[in-house]
Amino acid sequence: MMLWWERYPERLEFELQALNAAGIPFEKVTETIQQGIYQLKVRPTINGQSQDLVVTFPDHYPFFRFEIAAPSLTLEHHQHPFGKALCFIGRETFYWNTSDTVAGFLTQRLAQVLDAGTTTDRETAQGLEQPRAEPYSDYYPYAYAICHVDSSWKIPTSALSGTLTLGVLGFFVQREQPPCIQAAVISVADEKGTELAAIPAELNKFRDGSTFRGRWIRLDRALTTDDPQEAFRTAHQQDKKQQPSWATFGNHRLQLYGILFREEVRHREFGDGWLFVVKSELLPNRAAVSHRKHGPPKQKAPPRFYFARAGRVGRGDMLARSPELRPLSDRVIAQIGLGALGGPSALEFARAGVAGLRLVDHDHVDPATGVRWPFGLLVAGKPKVHVVGEFIGQHYPYTDVRAAGWHIGGVRKDGHHEGELLDDLVKGISLIYDATAEFGVQHFLSEFARERQIPYISVVATPGAWGGRLMRVRPGTTQGCWTCLQHAEDDGSIPRAPANEGAQVQPAGCGDPTFTGANVDLAILALHGVRLAISTLCSDSPGGYPGVDWDVAVIRLRHPDGRSMPPQVDVYPLNRHPDCRACIERKAS
């Protein structure tokens with residue numbers, strides 16, 4: 001494989017000539033160049049002072065930026081604390097221009113970087129840098145380990161140490177290495193046992209039931225080491241020789257320290273940062289020891305130390321990334337149908353942060369449906385409501401999910417009237433989302449929702465997934481009903497989406513034919529349905545996801561002859577149709 005300076009020799013010459021023209025002394029680092037990494041030592045003079053810097057070029061230069069490190073400098077900002085690289089431009093590749101040169105960075109930007117990196121005055125800094133925080137905790141070399149906390153916690157500054165109670169979520173297993181902890185900090189207590197902070201109650205179901213104790217300490221500033229063993233030793237010394245309790249899990253045991261320190265949390269604003277450091281040991285294999293009859297005893301493996309990242313899982317942490325969805329945190333959706341449209345929809349509702357989901361479906365997972373369903377082979381044979389409900393419960397703890405497996409409209413033989421089940425289903429809900437794609441069920445559910453003054457949305461796909469249709473009825477706002485839509489489609493005032501009418505298949509072992517269609521097309525339809533539902537639930541709240549003034553959307557993904565096309569969405573009001581007897585009778589009564 002050609003190295004970049006072999007592929008683009010003129011670019012290297014351009015860089016070196018620019019340094020010479022700027023009068024910046026430099027020398028090639030022969031040792032690293034022989035290893036395939038091009039480095040230069042440069043010595044620019046800034047404000048009358050010479051700076052010793054090291055320039056390292058990436059393998060695919062000039063498509064990506066070089067790195068300039070200042071090993072002899074320690075800046076509060078705009079410098080990696082361990083690697084010593086200086087920050088000249090934003091991290092995103094957008095800020096890099098292939099015409100930029102080392103000489104240009106040094107002559108035009110270095111003085112500004114040094115000024116911004118040393119100033120503590122916020123107003124001065126605003127004129128020199130992008131308005132973004134540089135949390136120190138972002139720089140540590142983490143293992144694949146995490147301990148969840150809540151950014152809203154306010155640990156009193158007078159509290160300097162104490163205990164942590166952690167709930168185990170699981171372990172990331174690496175070959176020939178002790179597993180890395182995945183945990184949630186359930187509570188933080190001081191030395192007297194007084195609880196100072198606790199994780200939201202919803203996250204207690206996040207763990208597998210196992211808990212253990214760690215220690216925490218507060219430091220004046222972040223640890224300036226990227227060696228987890230040294231960090232653990234420092235924490236132990238600062239903790240007045242106290243030791244975290246050992247916790248045993250299978251064939252290994254661990255001790256954990258949480259380190260609380262001051263770091264930048266918003267641009268030039270400071271708050272609490274967390275760092276977790278773990279000491280882990282593999283326990284001897286007792287079976288192997290009992291069968292070992294000859295030879296010296298096997299030496300105990302040395303302990304392993306690693307950093308665990310602090311993961312922010314408070315409700316505010318979640319909502320910060322999608323503030324327009326904040327109103328969903330107290331909305332509950334009853335969703336009927338978890339097939340190719342309903343399965344993805346339920347997951348999107350959970351991602352969006354709805355407070356609750358009430359799921360109904362009677363079907364099981366067929367392995368072949370994995371081609372257009374969110375989950376595949378390992379869940380085949382299980383009830384769909386169980387699979388989706390369990391996944392949401394495990395991964396989205398702020399969504400209270402309840403699942404029921406029954407066939408709406410089916411003959412019941414268990415002594416329970418379906419009306420009772422439905423009444424229980426819709427208690428406290430904000431919207432009914434119908435993804436059954438069943439003509440009769442849609443008719444029934446739309447009437448059921450109308451009688452109870454609950455907003456109703458249905459989403460359907462046409463055969464072949466060539467297109468689809470959304471329908472919404474808002475109590476007191478939408479004039480028409482589900483039957484009005486059928487009349488409108490029949491007379492052409494609302495067109496039908498394109499369909500491949502012959503697109504059916506009856507797979508081996510299935511009692512009914514099913515439609516054909518690609519998951520990529522069905523996913524588009526499901527997302528349109530979820531967007532309409534979210535809009536309906538959020539639009540009345542200040543700053544909420546914006547509303548729409550239509551109630552029917554016809555979505556086209558194919559031309560009438562089957563050729564693919566960009567999604568085209570035509571929207572219509574759902575007016576009362578003059579031929580709708582249901583509306584006429586309701587008006588008369």
# chains A, B, ... in the order shown; residues from 1 in each chain; ligands from 1
call {"tool": "select_by_dssp", "arguments": {"residues": "range 84-245 of chain A", "states": "strand (DSSP E or B)", "output": "PyMOL selection string"}}
result
chain A and resi 85-86+142-149+161-172+180-190+195-198+211-218
call {"tool": "write_last_selection", "arguments": {"atoms": "C-alpha atoms", "output": "mmCIF file, in the first residue's frame"}}
result
data_model
loop_
_atom_site.group_PDB
_atom_site.id
_atom_site.type_symbol
_atom_site.label_atom_id
_atom_site.label_comp_id
_atom_site.auth_asym_id
_atom_site.auth_seq_id
_atom_site.Cartn_x
_atom_site.Cartn_y
_atom_site.Cartn_z
ATOM 1 C CA ALA A 85 -2.359 17.799 20.775
ATOM 2 C CA LEU A 86 -3.528 21.385 20.291
ATOM 3 C CA TYR A 142 -11.923 4.072 28.508
ATOM 4 C CA ALA A 143 -12.466 0.349 28.359
ATOM 5 C CA TYR A 144 -15.840 -0.862 27.093
ATOM 6 C CA ALA A 145 -17.302 -0.164 30.511
ATOM 7 C CA ILE A 146 -19.850 2.306 31.808
ATOM 8 C CA CYS A 147 -21.505 3.473 35.024
ATOM 9 C CA HIS A 148 -24.713 5.434 34.590
ATOM 10 C CA VAL A 149 -25.357 8.649 36.501
ATOM 11 C CA SER A 161 -16.252 10.969 50.088
ATOM 12 C CA GLY A 162 -18.647 8.156 50.728
ATOM 13 C CA THR A 163 -20.182 5.012 49.282
ATOM 14 C CA LEU A 164 -21.813 4.080 46.004
ATOM 15 C CA THR A 165 -24.487 1.467 45.505
ATOM 16 C CA LEU A 166 -24.384 0.127 41.965
ATOM 17 C CA GLY A 167 -26.778 -2.088 40.071
ATOM 18 C CA VAL A 168 -25.276 -4.465 37.543
ATOM 19 C CA LEU A 169 -26.577 -4.266 33.994
ATOM 20 C CA GLY A 170 -24.128 -6.789 32.608
ATOM 21 C CA PHE A 171 -20.534 -7.264 31.534
ATOM 22 C CA PHE A 172 -18.735 -6.827 28.249
ATOM 23 C CA CYS A 180 -15.844 -4.945 31.840
ATOM 24 C CA ILE A 181 -18.649 -3.688 34.068
ATOM 25 C CA GLN A 182 -21.886 -2.180 32.758
ATOM 26 C CA ALA A 183 -23.654 -0.697 35.777
ATOM 27 C CA ALA A 184 -25.911 2.071 37.066
ATOM 28 C CA VAL A 185 -25.157 4.104 40.183
ATOM 29 C CA ILE A 186 -28.327 3.541 42.182
ATOM 30 C CA SER A 187 -27.376 5.888 45.004
ATOM 31 C CA VAL A 188 -24.588 8.121 46.297
ATOM 32 C CA ALA A 189 -24.178 8.398 50.081
ATOM 33 C CA ASP A 190 -21.835 10.308 52.369
ATOM 34 C CA GLU A 195 -28.205 9.514 50.614
ATOM 35 C CA LEU A 196 -27.068 12.470 48.516
ATOM 36 C CA ALA A 197 -28.400 11.389 45.125
ATOM 37 C CA ALA A 198 -30.336 8.504 43.613
ATOM 38 C CA THR A 211 -25.870 -4.871 43.413
ATOM 39 C CA PHE A 212 -22.513 -4.083 44.933
ATOM 40 C CA ARG A 213 -20.785 -1.302 46.853
ATOM 41 C CA GLY A 214 -18.084 1.043 45.650
ATOM 42 C CA ARG A 215 -16.418 4.132 47.064
ATOM 43 C CA TRP A 216 -16.404 7.705 45.791
ATOM 44 C CA ILE A 217 -14.192 10.696 46.497
ATOM 45 C CA ARG A 218 -14.203 14.334 45.477
#
call {"tool": "select_by_dssp", "arguments": {"residues": "range 342-486 of chain A", "states": "alpha helix (DSSP H)", "output": "PyMOL selection string"}}
result
chain A and resi 342-352+384-395+418-425+439-451+482-486
call {"tool": "atom_distance", "arguments": {"atom1": "CA of Leu537 in chain A", "atom2": "CA of Asp549 in chain A"}}
result
13.5 Å
call {"tool": "closest_residue", "arguments": {"among": "A:Val278, A:Leu16, A:Val54, A:Val332", "to": "Asp227 in chain A", "atoms": "only C-alpha atoms"}}
result
A:Val278
call {"tool": "residues_around", "arguments": {"residues": "Ser322 in chain A", "least_positions_apart": "6", "cutoff": "10 Å", "atoms": "only C-alpha atoms", "output": "PyMOL selection string"}}
result
chain A and resi 352-353+544-545
call {"tool": "closest_residue", "arguments": {"among": "A:Arg109, A:His407, A:Arg372, A:Lys300", "to": "Ile524 in chain A", "atoms": "only C-alpha atoms"}}
result
A:Arg372
